[in-house]
Amino acid sequence: MKEFMLYIRNEKDNFSKLNPDEQQEFLKKCETYIGNLKKEGKLIAAQPLVREGVIISGKEGAWKEVPFNESNKVHVGYYHIFANDHDDAVSIAKGNPEFEYGSSARIEVRPVKTKEVTTGFVYPKS
């Protein structure tokens, strides 16, 4: 099994556009999605992200900190998963409930590098 990150992107206010019943329905479907991934042994971690924050840039002595509002599209959460291969990871991403509640959701599917080929360094896990 390989590790993948699924970065969930959506509009900042997509959740607030849903009525209260739809919000609860969406959250329950997310819980079911997470539960199924856990049962299948494919979930490493999953967490939503608050839709506010800051962006840090620069270097020592010249740091910049600006509000996280550059775009209406933001990362709203992530899933760290195990999948057999890229196609399996994409299939898992397609099952995410984000797609059922609006047309603005996007999921970035990326393999996780667990080891440096040139040095042999293995990245730590929590």
# chains A, B, ... in the order shown; residues from 1 in each chain; ligands from 1
call {"tool": "select_by_dssp", "arguments": {"residues": "chain A", "states": "helix (DSSP H, G or I)", "output": "ChimeraX atom specification"}}
result
/A:14-17,20-39,86-94,97-100
call {"tool": "write_last_selection", "arguments": {"atoms": "N, CA and C atoms", "output": "short mmCIF file (atom, residue, chain, number, x, y, z; two decimals), in the first residue's frame"}}
result
data_model
loop_
_atom_site.label_atom_id
_atom_site.label_comp_id
_atom_site.auth_asym_id
_atom_site.auth_seq_id
_atom_site.Cartn_x
_atom_site.Cartn_y
_atom_site.Cartn_z
N ASN A 14 -18.91 27.67 1.11
CA ASN A 14 -19.76 26.60 0.57
C ASN A 14 -20.63 25.97 1.65
N PHE A 15 -20.04 25.64 2.81
CA PHE A 15 -20.80 24.98 3.88
C PHE A 15 -21.93 25.89 4.37
N SER A 16 -21.64 27.18 4.50
CA SER A 16 -22.66 28.11 5.02
C SER A 16 -23.81 28.31 4.02
N LYS A 17 -23.62 27.96 2.75
CA LYS A 17 -24.68 28.05 1.75
C LYS A 17 -25.73 26.96 1.93
N PRO A 20 -29.52 24.20 7.36
CA PRO A 20 -29.10 23.40 8.52
C PRO A 20 -29.27 21.89 8.35
N ASP A 21 -30.34 21.46 7.70
CA ASP A 21 -30.54 20.02 7.47
C ASP A 21 -29.48 19.47 6.53
N GLU A 22 -29.16 20.21 5.47
CA GLU A 22 -28.13 19.78 4.53
C GLU A 22 -26.75 19.75 5.21
N GLN A 23 -26.50 20.71 6.08
CA GLN A 23 -25.22 20.72 6.81
C GLN A 23 -25.07 19.46 7.65
N GLN A 24 -26.12 19.09 8.37
CA GLN A 24 -26.07 17.89 9.20
C GLN A 24 -25.95 16.63 8.35
N GLU A 25 -26.69 16.59 7.24
CA GLU A 25 -26.62 15.45 6.32
C GLU A 25 -25.20 15.30 5.77
N PHE A 26 -24.60 16.41 5.37
CA PHE A 26 -23.23 16.40 4.85
C PHE A 26 -22.26 15.88 5.91
N LEU A 27 -22.36 16.39 7.13
CA LEU A 27 -21.45 15.96 8.20
C LEU A 27 -21.61 14.47 8.50
N LYS A 28 -22.83 13.97 8.49
CA LYS A 28 -23.06 12.54 8.72
C LYS A 28 -22.45 11.70 7.60
N LYS A 29 -22.57 12.17 6.35
CA LYS A 29 -21.99 11.44 5.23
C LYS A 29 -20.46 11.43 5.33
N CYS A 30 -19.88 12.54 5.82
CA CYS A 30 -18.43 12.58 6.02
C CYS A 30 -18.03 11.57 7.09
N GLU A 31 -18.81 11.49 8.17
CA GLU A 31 -18.52 10.52 9.23
C GLU A 31 -18.58 9.09 8.68
N THR A 32 -19.57 8.81 7.84
CA THR A 32 -19.71 7.48 7.23
C THR A 32 -18.53 7.19 6.31
N TYR A 33 -18.15 8.18 5.49
CA TYR A 33 -17.01 8.05 4.58
C TYR A 33 -15.74 7.73 5.37
N ILE A 34 -15.51 8.47 6.44
CA ILE A 34 -14.34 8.24 7.30
C ILE A 34 -14.42 6.86 7.95
N GLY A 35 -15.59 6.51 8.44
CA GLY A 35 -15.78 5.19 9.07
C GLY A 35 -15.48 4.05 8.11
N ASN A 36 -15.93 4.19 6.87
CA ASN A 36 -15.67 3.15 5.87
C ASN A 36 -14.19 3.04 5.55
N LEU A 37 -13.50 4.17 5.43
CA LEU A 37 -12.06 4.13 5.17
C LEU A 37 -11.32 3.47 6.34
N LYS A 38 -11.75 3.77 7.56
CA LYS A 38 -11.13 3.14 8.74
C LYS A 38 -11.34 1.63 8.72
N LYS A 39 -12.57 1.20 8.43
CA LYS A 39 -12.89 -0.23 8.38
C LYS A 39 -12.05 -0.97 7.35
N HIS A 86 -2.27 4.94 -7.68
CA HIS A 86 -2.89 6.23 -8.02
C HIS A 86 -4.38 6.07 -8.35
N ASP A 87 -4.72 5.07 -9.16
CA ASP A 87 -6.12 4.87 -9.55
C ASP A 87 -7.00 4.58 -8.35
N ASP A 88 -6.50 3.79 -7.40
CA ASP A 88 -7.25 3.49 -6.18
C ASP A 88 -7.45 4.77 -5.36
N ALA A 89 -6.41 5.60 -5.26
CA ALA A 89 -6.51 6.86 -4.51
C ALA A 89 -7.54 7.79 -5.16
N VAL A 90 -7.54 7.86 -6.48
CA VAL A 90 -8.51 8.69 -7.19
C VAL A 90 -9.93 8.17 -6.95
N SER A 91 -10.09 6.86 -6.97
CA SER A 91 -11.40 6.26 -6.71
C SER A 91 -11.89 6.60 -5.30
N ILE A 92 -11.00 6.54 -4.33
CA ILE A 92 -11.35 6.91 -2.95
C ILE A 92 -11.77 8.38 -2.90
N ALA A 93 -11.01 9.24 -3.57
CA ALA A 93 -11.33 10.67 -3.58
C ALA A 93 -12.69 10.94 -4.21
N LYS A 94 -13.03 10.22 -5.27
CA LYS A 94 -14.31 10.42 -5.94
C LYS A 94 -15.50 10.08 -5.05
N PRO A 97 -17.95 12.94 0.09
CA PRO A 97 -19.23 13.65 0.08
C PRO A 97 -19.16 15.11 -0.37
N GLU A 98 -17.99 15.72 -0.39
CA GLU A 98 -17.88 17.12 -0.84
C GLU A 98 -18.53 17.31 -2.21
N PHE A 99 -18.43 16.30 -3.07
CA PHE A 99 -18.93 16.43 -4.43
C PHE A 99 -20.46 16.44 -4.51
N GLU A 100 -21.12 15.95 -3.46
CA GLU A 100 -22.58 15.89 -3.47
C GLU A 100 -23.24 17.22 -3.10
#
call {"tool": "residues_around", "arguments": {"residues": "stretch 73-81 of chain A", "least_positions_apart": "3", "cutoff": "6 Å", "atoms": "only C-alpha atoms", "output": "PDB file with N, CA and C atoms, in the first residue's frame"}}
result
ATOM      1  N   GLU A   3       1.040   5.634   0.373  1.00  0.00           N
ATOM      2  CA  GLU A   3       0.365   6.722   1.069  1.00  0.00           C
ATOM      3  C   GLU A   3       0.043   7.844   0.093  1.00  0.00           C
ATOM      4  N   PHE A   4      -1.124   8.438   0.284  1.00  0.00           N
ATOM      5  CA  PHE A   4      -1.570   9.566  -0.522  1.00  0.00           C
ATOM      6  C   PHE A   4      -2.206  10.608   0.382  1.00  0.00           C
ATOM      7  N   MET A   5      -2.111  11.860  -0.035  1.00  0.00           N
ATOM      8  CA  MET A   5      -2.836  12.951   0.608  1.00  0.00           C
ATOM      9  C   MET A   5      -3.936  13.390  -0.328  1.00  0.00           C
ATOM     10  N   LEU A   6      -5.113  13.539   0.219  1.00  0.00           N
ATOM     11  CA  LEU A   6      -6.238  14.086  -0.520  1.00  0.00           C
ATOM     12  C   LEU A   6      -6.504  15.461   0.089  1.00  0.00           C
ATOM     13  N   TYR A   7      -6.172  16.513  -0.638  1.00  0.00           N
ATOM     14  CA  TYR A   7      -6.399  17.872  -0.166  1.00  0.00           C
ATOM     15  C   TYR A   7      -7.743  18.347  -0.715  1.00  0.00           C
ATOM     16  N   ILE A   8      -8.641  18.674   0.186  1.00  0.00           N
ATOM     17  CA  ILE A   8      -9.980  19.090  -0.203  1.00  0.00           C
ATOM     18  C   ILE A   8     -10.001  20.613  -0.359  1.00  0.00           C
ATOM     19  N   ARG A   9     -10.412  21.079  -1.522  1.00  0.00           N
ATOM     20  CA  ARG A   9     -10.555  22.509  -1.774  1.00  0.00           C
ATOM     21  C   ARG A   9     -12.015  22.802  -2.068  1.00  0.00           C
ATOM     22  N   ASN A  10     -12.454  23.938  -1.556  1.00  0.00           N
ATOM     23  CA  ASN A  10     -13.818  24.346  -1.836  1.00  0.00           C
ATOM     24  C   ASN A  10     -13.915  25.846  -1.632  1.00  0.00           C
ATOM     25  N   GLU A  11     -15.069  26.396  -1.935  1.00  0.00           N
ATOM     26  CA  GLU A  11     -15.287  27.809  -1.682  1.00  0.00           C
ATOM     27  C   GLU A  11     -15.316  28.038  -0.178  1.00  0.00           C
ATOM     28  N   LYS A  12     -14.818  29.192   0.255  1.00  0.00           N
ATOM     29  CA  LYS A  12     -14.794  29.509   1.680  1.00  0.00           C
ATOM     30  C   LYS A  12     -16.162  29.365   2.324  1.00  0.00           C
ATOM     31  N   LYS A  42      -7.735   1.903   5.326  1.00  0.00           N
ATOM     32  CA  LYS A  42      -7.142   2.830   4.366  1.00  0.00           C
ATOM     33  C   LYS A  42      -6.954   4.240   4.921  1.00  0.00           C
ATOM     34  N   LEU A  43      -7.444   4.511   6.125  1.00  0.00           N
ATOM     35  CA  LEU A  43      -7.344   5.862   6.666  1.00  0.00           C
ATOM     36  C   LEU A  43      -6.189   5.983   7.642  1.00  0.00           C
ATOM     37  N   ILE A  44      -5.339   6.948   7.407  1.00  0.00           N
ATOM     38  CA  ILE A  44      -4.263   7.276   8.344  1.00  0.00           C
ATOM     39  C   ILE A  44      -4.722   8.439   9.223  1.00  0.00           C
ATOM     40  N   ALA A  45      -5.261   9.496   8.600  1.00  0.00           N
ATOM     41  CA  ALA A  45      -5.771  10.656   9.331  1.00  0.00           C
ATOM     42  C   ALA A  45      -6.719  11.432   8.431  1.00  0.00           C
ATOM     43  N   ALA A  46      -7.621  12.183   9.054  1.00  0.00           N
ATOM     44  CA  ALA A  46      -8.531  13.057   8.317  1.00  0.00           C
ATOM     45  C   ALA A  46      -8.956  14.176   9.254  1.00  0.00           C
ATOM     46  N   GLN A  47      -8.872  15.399   8.768  1.00  0.00           N
ATOM     47  CA  GLN A  47      -9.305  16.520   9.597  1.00  0.00           C
ATOM     48  C   GLN A  47      -9.758  17.675   8.727  1.00  0.00           C
ATOM     49  N   PRO A  48     -10.806  18.373   9.189  1.00  0.00           N
ATOM     50  CA  PRO A  48     -11.197  19.603   8.506  1.00  0.00           C
ATOM     51  C   PRO A  48     -10.277  20.733   8.931  1.00  0.00           C
ATOM     52  N   LEU A  49     -10.212  21.760   8.113  1.00  0.00           N
ATOM     53  CA  LEU A  49      -9.420  22.941   8.435  1.00  0.00           C
ATOM     54  C   LEU A  49     -10.353  24.140   8.587  1.00  0.00           C
TER      55      LEU A  49
END
call {"tool": "atom_distance", "arguments": {"atom1": "atom CA of A:Ala105", "atom2": "atom CA of A:Pro67"}}
result
22.1 Å
call {"tool": "atom_distance", "arguments": {"atom1": "atom CA of A:Gly120", "atom2": "atom CA of A:Lys59"}}
result
28.6 Å
call {"tool": "select_by_dssp", "arguments": {"residues": "chain A", "states": "strand (DSSP E)", "output": "PyMOL selection string"}}
result
chain A and resi 2-11+43-48+54-57+64-67+73-83+106-111
call {"tool": "write_last_selection", "arguments": {"atoms": "C-alpha atoms", "output": "PDB file, in the first residue's frame"}}
result
ATOM      1  CA  LYS A   2       1.147   3.518  -0.807  1.00  0.00           C
ATOM      2  CA  GLU A   3       0.365   6.722   1.069  1.00  0.00           C
ATOM      3  CA  PHE A   4      -1.570   9.566  -0.522  1.00  0.00           C
ATOM      4  CA  MET A   5      -2.836  12.951   0.608  1.00  0.00           C
ATOM      5  CA  LEU A   6      -6.238  14.086  -0.520  1.00  0.00           C
ATOM      6  CA  TYR A   7      -6.399  17.872  -0.166  1.00  0.00           C
ATOM      7  CA  ILE A   8      -9.980  19.090  -0.203  1.00  0.00           C
ATOM      8  CA  ARG A   9     -10.555  22.509  -1.774  1.00  0.00           C
ATOM      9  CA  ASN A  10     -13.818  24.346  -1.836  1.00  0.00           C
ATOM     10  CA  GLU A  11     -15.287  27.809  -1.682  1.00  0.00           C
ATOM     11  CA  LEU A  43      -7.344   5.862   6.666  1.00  0.00           C
ATOM     12  CA  ILE A  44      -4.263   7.276   8.344  1.00  0.00           C
ATOM     13  CA  ALA A  45      -5.771  10.656   9.331  1.00  0.00           C
ATOM     14  CA  ALA A  46      -8.531  13.057   8.317  1.00  0.00           C
ATOM     15  CA  GLN A  47      -9.305  16.520   9.597  1.00  0.00           C
ATOM     16  CA  PRO A  48     -11.197  19.603   8.506  1.00  0.00           C
ATOM     17  CA  VAL A  54      -2.471  33.418   7.733  1.00  0.00           C
ATOM     18  CA  ILE A  55       0.150  32.931   5.058  1.00  0.00           C
ATOM     19  CA  ILE A  56       3.774  33.235   6.139  1.00  0.00           C
ATOM     20  CA  SER A  57       6.551  34.087   3.696  1.00  0.00           C
ATOM     21  CA  LYS A  64       5.612  38.610   6.140  1.00  0.00           C
ATOM     22  CA  GLU A  65       2.294  37.474   7.564  1.00  0.00           C
ATOM     23  CA  VAL A  66      -0.873  38.166   5.597  1.00  0.00           C
ATOM     24  CA  PRO A  67      -4.466  37.032   6.145  1.00  0.00           C
ATOM     25  CA  LYS A  73     -11.099  28.694  -2.947  1.00  0.00           C
ATOM     26  CA  VAL A  74      -9.419  27.342   0.171  1.00  0.00           C
ATOM     27  CA  HIS A  75      -8.222  24.027   1.565  1.00  0.00           C
ATOM     28  CA  VAL A  76     -11.065  22.911   3.796  1.00  0.00           C
ATOM     29  CA  GLY A  77      -9.580  19.618   4.959  1.00  0.00           C
ATOM     30  CA  TYR A  78      -7.420  16.648   4.174  1.00  0.00           C
ATOM     31  CA  TYR A  79      -7.368  12.866   4.204  1.00  0.00           C
ATOM     32  CA  HIS A  80      -4.103  10.963   4.623  1.00  0.00           C
ATOM     33  CA  ILE A  81      -4.835   7.530   3.182  1.00  0.00           C
ATOM     34  CA  PHE A  82      -3.395   4.216   2.098  1.00  0.00           C
ATOM     35  CA  ALA A  83      -4.228   3.144  -1.470  1.00  0.00           C
ATOM     36  CA  ARG A 106     -11.944  19.936  -5.890  1.00  0.00           C
ATOM     37  CA  ILE A 107      -9.707  17.217  -4.451  1.00  0.00           C
ATOM     38  CA  GLU A 108      -5.979  17.210  -5.065  1.00  0.00           C
ATOM     39  CA  VAL A 109      -4.647  13.609  -5.006  1.00  0.00           C
ATOM     40  CA  ARG A 110      -0.920  13.408  -4.306  1.00  0.00           C
ATOM     41  CA  PRO A 111       1.419  10.557  -3.389  1.00  0.00           C
TER      42      PRO A 111
END
call {"tool": "atom_distance", "arguments": {"atom1": "atom CA of A:Asp13", "atom2": "atom CA of A:Ser104"}}
result
10.6 Å
